[in-house]
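Single-structure report; data block below.
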Amino acid sequence: MIKDAIGLYVHFPFCLRKCLYCDFPSYAGREYLMDDYLDAVRVEINEIKNKIMGRNIETIFWGGGTPTLFCGEKLKYLLGYIKENLALSENVEITTEANPETLDKEKLEILKEAGVNRLSIGMQAGQDCLLKSLGRVHSLKDVERSVQWAKELGFDNINLDLMFGLPDQTLDQWMETLIMAVDMGVEHISTYALIIEEGTPFYELESQGKLNTASEEVEREMYHKGVAYLKRKGYNQYEISNFAQPGKECRHNLIYWKNRDYIGIGCGAHSFLDGERWSNYNDISQYIDSISKKRTAIEHRQRISISEQRFETIMLGLRLIEGVSKLEFRERFNNDIRYYYDDAIDQLKKQGLLAEDSNRIYLTPKGMDFQNQVLLYFMD
């Protein structure tokens, strides 16, 4: 990845139905705002051009919400607008998230022709009963059909998002879900533990004692057995929650994990550029209104100090199995990593939580289970 390359994230905050666990800025029943929203996104893209002059876009990631709730032609037009107005690297990775109930073969064909070369499909679970309990709209058959269509059209970089530690989910159901995903022949699998976020329906149910969530012990067993199974099936774990066949790692997410620059477009989107972080309004109408009145859509802006950048580079980099590169750290902060964190590294190595070689520091398998405690040692 070239040094000046950056990632571009575009947020699509529309959904057919809001999932019961989701706390992202996404909304159901606001389809009437979709055209105005795309107009505002194009304006923001045009406004960002000067900020990133001379920088190539290495990756594009469309997230949500559900980007594929939009019709294929509108998505194709937006991608064309991005290509016309921003400088893209020759081998740019272009990902769109997709929920199976919003996909058909025609839409996938349009996306492929437009230049999308990576799909991230929200499968979540392999059992329809669990999908229903999550508030998902799709079925397992919808997932299988979507993957089959994508493969027939020549997509060769497909991710499935999966979740474990779900209410009432058994270890057998989790392993069955992984087997189904592998059998579909996808190149990338993401596995996320369910986190109950405040403000979600699941949070309310849990507070009322009506949600049978997995114990920490069961969740850890699901995680470790899943890691072992995916490894046996040829998926390399390159990040705590992500597994890929060789050469199919998500380049866009690697920008985040290496704490590099990226631009976020759309409501609720975050950006990090030249040591400054900012985020847009979460509400769709407020985002559209601000842009239509030629005001900024930015709600929060913060200058990130060098010491904060150092800690964030450690925090994010230790999610990677390869860990934090000593060379990259020295080039970025003008000093060796041990200049700042000598005691922390030695103490964590003694506890068997961290390992080190001449090129990097990285978490041990034990350290992966205690990541939050590890990070406390690196806080100034």
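Starting from 1 in every chain, residues are counted up; chains themselves are A, B, ... following the order of the structure tokens, and ligands are numbered from 1 as listed.
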**OP:** Name all residues at most 10 Å from Arg277 of chain A (count only C-alpha atoms; drop same-chain ones fewer than 3 positions away) and give them as a list in words.
**Re:** Asp261, Tyr262, Ile263, His270, Ser271, Phe272, Leu273, Asp274, His300, Arg301, Gln302, Arg303 and Ile304 of chain A
Next, the residues of the selection above should be written as an mmCIF file, in the first residue's frame with N, CA and C atoms.
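Final file, again_6.cif:
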data_model
loop_
_atom_site.group_PDB
_atom_site.id
_atom_site.type_symbol
_atom_site.label_atom_id
_atom_site.label_comp_id
_atom_site.auth_asym_id
_atom_site.auth_seq_id
_atom_site.Cartn_x
_atom_site.Cartn_y
_atom_site.Cartn_z
ATOM 1 N N ASP A 261 -4.877 7.246 7.179
ATOM 2 C CA ASP A 261 -5.874 8.250 6.833
ATOM 3 C C ASP A 261 -7.029 7.662 6.020
ATOM 4 N N TYR A 262 -8.224 8.156 6.301
ATOM 5 C CA TYR A 262 -9.409 7.782 5.518
ATOM 6 C C TYR A 262 -10.419 8.915 5.571
ATOM 7 N N ILE A 263 -11.278 8.935 4.576
ATOM 8 C CA ILE A 263 -12.352 9.931 4.483
ATOM 9 C C ILE A 263 -13.690 9.209 4.576
ATOM 10 N N HIS A 270 -17.313 8.907 9.771
ATOM 11 C CA HIS A 270 -16.141 9.456 10.454
ATOM 12 C C HIS A 270 -14.973 9.557 9.472
ATOM 13 N N SER A 271 -14.108 10.533 9.704
ATOM 14 C CA SER A 271 -12.897 10.716 8.900
ATOM 15 C C SER A 271 -11.702 10.905 9.812
ATOM 16 N N PHE A 272 -10.530 10.525 9.311
ATOM 17 C CA PHE A 272 -9.269 10.778 10.009
ATOM 18 C C PHE A 272 -8.249 11.158 8.947
ATOM 19 N N LEU A 273 -7.777 12.394 9.007
ATOM 20 C CA LEU A 273 -6.897 12.911 7.957
ATOM 21 C C LEU A 273 -5.913 13.898 8.567
ATOM 22 N N ASP A 274 -4.614 13.640 8.344
ATOM 23 C CA ASP A 274 -3.557 14.556 8.787
ATOM 24 C C ASP A 274 -3.690 14.917 10.266
ATOM 25 N N HIS A 300 -18.849 16.969 14.881
ATOM 26 C CA HIS A 300 -17.733 16.982 15.834
ATOM 27 C C HIS A 300 -16.415 17.022 15.065
ATOM 28 N N ARG A 301 -15.462 17.765 15.615
ATOM 29 C CA ARG A 301 -14.128 17.840 15.027
ATOM 30 C C ARG A 301 -13.105 17.853 16.156
ATOM 31 N N GLN A 302 -12.019 17.087 15.986
ATOM 32 C CA GLN A 302 -11.041 16.961 17.061
ATOM 33 C C GLN A 302 -9.645 16.779 16.489
ATOM 34 N N ARG A 303 -8.702 17.532 17.028
ATOM 35 C CA ARG A 303 -7.301 17.346 16.684
ATOM 36 C C ARG A 303 -6.734 16.251 17.584
ATOM 37 N N ILE A 304 -6.150 15.211 16.974
ATOM 38 C CA ILE A 304 -5.627 14.076 17.715
ATOM 39 C C ILE A 304 -4.141 14.315 17.981
#
**OP:** Apply DSSP to the structure's backbone, then extract all residues of segment 73-290 of chain A labelled alpha helix (DSSP H) and return them as a ChimeraX atom specification.
**Re:** /A:73-85,105-114,128-134,140-152,171-183,201-207,216-232,251-257,284-290
Convert the current residue selection to file output with C-alpha atoms, as a compact mmCIF listing (two decimals), in the first residue's frame.
# COMPACT_ATOMS: atom_id res chain seq x y z
CA GLU A 73 -28.38 2.10 -11.60
CA LYS A 74 -28.20 4.71 -8.83
CA LEU A 75 -25.30 2.91 -7.21
CA LYS A 76 -23.58 2.68 -10.59
CA TYR A 77 -24.07 6.41 -11.12
CA LEU A 78 -22.63 7.24 -7.69
CA LEU A 79 -19.55 5.10 -8.29
CA GLY A 80 -19.09 6.80 -11.65
CA TYR A 81 -19.30 10.18 -9.92
CA ILE A 82 -16.60 9.13 -7.45
CA LYS A 83 -14.35 7.98 -10.29
CA GLU A 84 -14.83 11.27 -12.14
CA ASN A 85 -14.10 13.50 -9.17
CA LYS A 105 -28.86 -11.12 -10.18
CA GLU A 106 -29.55 -7.98 -12.21
CA LYS A 107 -28.39 -5.66 -9.41
CA LEU A 108 -25.25 -7.73 -8.87
CA GLU A 109 -24.52 -7.59 -12.59
CA ILE A 110 -24.84 -3.78 -12.59
CA LEU A 111 -22.52 -3.52 -9.58
CA LYS A 112 -19.95 -5.76 -11.26
CA GLU A 113 -20.05 -3.68 -14.46
CA ALA A 114 -19.71 -0.48 -12.41
CA ASP A 128 -33.70 -19.09 10.23
CA CYS A 129 -34.96 -19.16 13.83
CA LEU A 130 -31.88 -17.20 14.97
CA LEU A 131 -32.15 -14.79 12.06
CA LYS A 132 -35.74 -14.06 13.04
CA SER A 133 -34.78 -13.49 16.67
CA LEU A 134 -32.18 -10.92 15.53
CA LEU A 140 -30.49 -18.83 4.82
CA LYS A 141 -31.73 -19.60 1.30
CA ASP A 142 -31.46 -15.90 0.44
CA VAL A 143 -27.79 -15.96 1.46
CA GLU A 144 -27.01 -19.09 -0.54
CA ARG A 145 -28.77 -17.71 -3.61
CA SER A 146 -26.94 -14.36 -3.37
CA VAL A 147 -23.53 -16.03 -3.12
CA GLN A 148 -24.35 -18.33 -6.03
CA TRP A 149 -25.43 -15.41 -8.23
CA ALA A 150 -22.30 -13.43 -7.32
CA LYS A 151 -20.02 -16.34 -8.18
CA GLU A 152 -21.80 -16.93 -11.49
CA LEU A 171 -22.15 -24.13 20.12
CA ASP A 172 -23.43 -26.68 17.59
CA GLN A 173 -25.45 -23.99 15.80
CA TRP A 174 -22.39 -21.73 15.65
CA MET A 175 -20.20 -24.45 14.18
CA GLU A 176 -22.98 -25.37 11.73
CA THR A 177 -23.08 -21.73 10.62
CA LEU A 178 -19.33 -21.76 9.97
CA ILE A 179 -19.58 -25.01 8.02
CA MET A 180 -22.34 -23.51 5.85
CA ALA A 181 -20.28 -20.39 5.17
CA VAL A 182 -17.19 -22.38 4.22
CA ASP A 183 -19.25 -24.71 2.01
CA PRO A 201 -34.09 -3.29 21.70
CA PHE A 202 -31.72 -6.04 22.86
CA TYR A 203 -30.44 -3.73 25.61
CA GLU A 204 -33.98 -3.20 26.87
CA LEU A 205 -34.72 -6.92 26.78
CA GLU A 206 -31.51 -7.73 28.62
CA SER A 207 -32.19 -5.13 31.30
CA GLU A 216 -18.31 -15.42 28.65
CA GLU A 217 -17.03 -19.00 28.85
CA VAL A 218 -19.38 -20.23 26.11
CA GLU A 219 -18.58 -17.22 23.93
CA ARG A 220 -14.84 -17.86 24.25
CA GLU A 221 -15.36 -21.53 23.39
CA MET A 222 -17.30 -20.51 20.28
CA TYR A 223 -14.51 -18.14 19.29
CA HIS A 224 -11.64 -20.58 19.76
CA LYS A 225 -13.37 -23.52 18.09
CA GLY A 226 -14.32 -21.25 15.20
CA VAL A 227 -10.74 -20.02 14.79
CA ALA A 228 -9.43 -23.60 14.75
CA TYR A 229 -12.04 -24.75 12.22
CA LEU A 230 -11.45 -21.88 9.80
CA LYS A 231 -7.70 -22.40 10.00
CA ARG A 232 -8.15 -26.08 9.07
CA ARG A 251 -7.50 -3.87 2.30
CA HIS A 252 -9.94 -1.17 3.39
CA ASN A 253 -10.16 -2.43 6.96
CA LEU A 254 -6.37 -2.74 7.08
CA ILE A 255 -6.26 1.05 6.67
CA TYR A 256 -8.27 1.37 9.90
CA TRP A 257 -6.23 -1.21 11.79
CA ILE A 284 -30.37 11.79 7.72
CA SER A 285 -32.58 14.89 7.52
CA GLN A 286 -30.09 17.05 9.44
CA TYR A 287 -27.28 15.86 7.16
CA ILE A 288 -29.26 16.61 3.99
CA ASP A 289 -30.49 19.97 5.31
CA SER A 290 -27.01 21.15 6.30
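Atom to atom, atom CA of Glu239 of chain A and atom CA of Arg319 of chain A stand 5.5 Å apart.
The gap separating atom CA of Asn99 of chain A from atom CA of Gly122 of chain A is 5.3 Å, in Å to one decimal.
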Original post:
So which residues touch Pro167 of chain A within 7 Å, counting only C-alpha atoms, skipping near sequence neighbours fewer than 5 positions away, as JSON, numbers by chain?
Top reply: {"A": [211, 212, 213, 214]}
**OP:** Would you mind listing what lies within 9 Å of Ala344 of chain A as a list of chain:residue names, with only C-alpha atoms counted and same-chain residues fewer than 6 positions away left out?
**Re:**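 Those residues are A:Arg338, A:Val374, A:Tyr377, A:Phe378.
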Subject >> Best match for closeness to Glu312 of chain A among A:Thr296, A:Ser358, A:Asn91, A:Asn259, counting only C-alpha atoms >> reply: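 Closest to Glu312 of chain A, using only C-alpha atoms: A:Asn259.
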Original post:
Would you give me, as JSON, numbers by chain, the residues in segment 31-272 of chain A that DSSP reads as strand (DSSP E or B)?
Top reply: {"A": [57, 58, 59, 60, 61, 62, 63, 64, 88, 89, 90, 91, 92, 93, 94, 95, 96, 97, 98, 118, 119, 120, 121, 122, 123, 124, 158, 159, 160, 161, 162, 163, 164, 188, 189, 190, 191, 192, 193, 236, 237, 238, 239, 242, 243, 244, 262, 263, 264, 265, 270, 271, 272]}
**OP:** Choose the residue, out of A:Ile306, A:Ala269, A:Leu318, A:Cys19, that has the smallest atom-to-atom separation from Asn282 of chain A; count only C-alpha atoms.
**Re:**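 Using only C-alpha atoms, Asn282 of chain A sits closest to A:Ala269.
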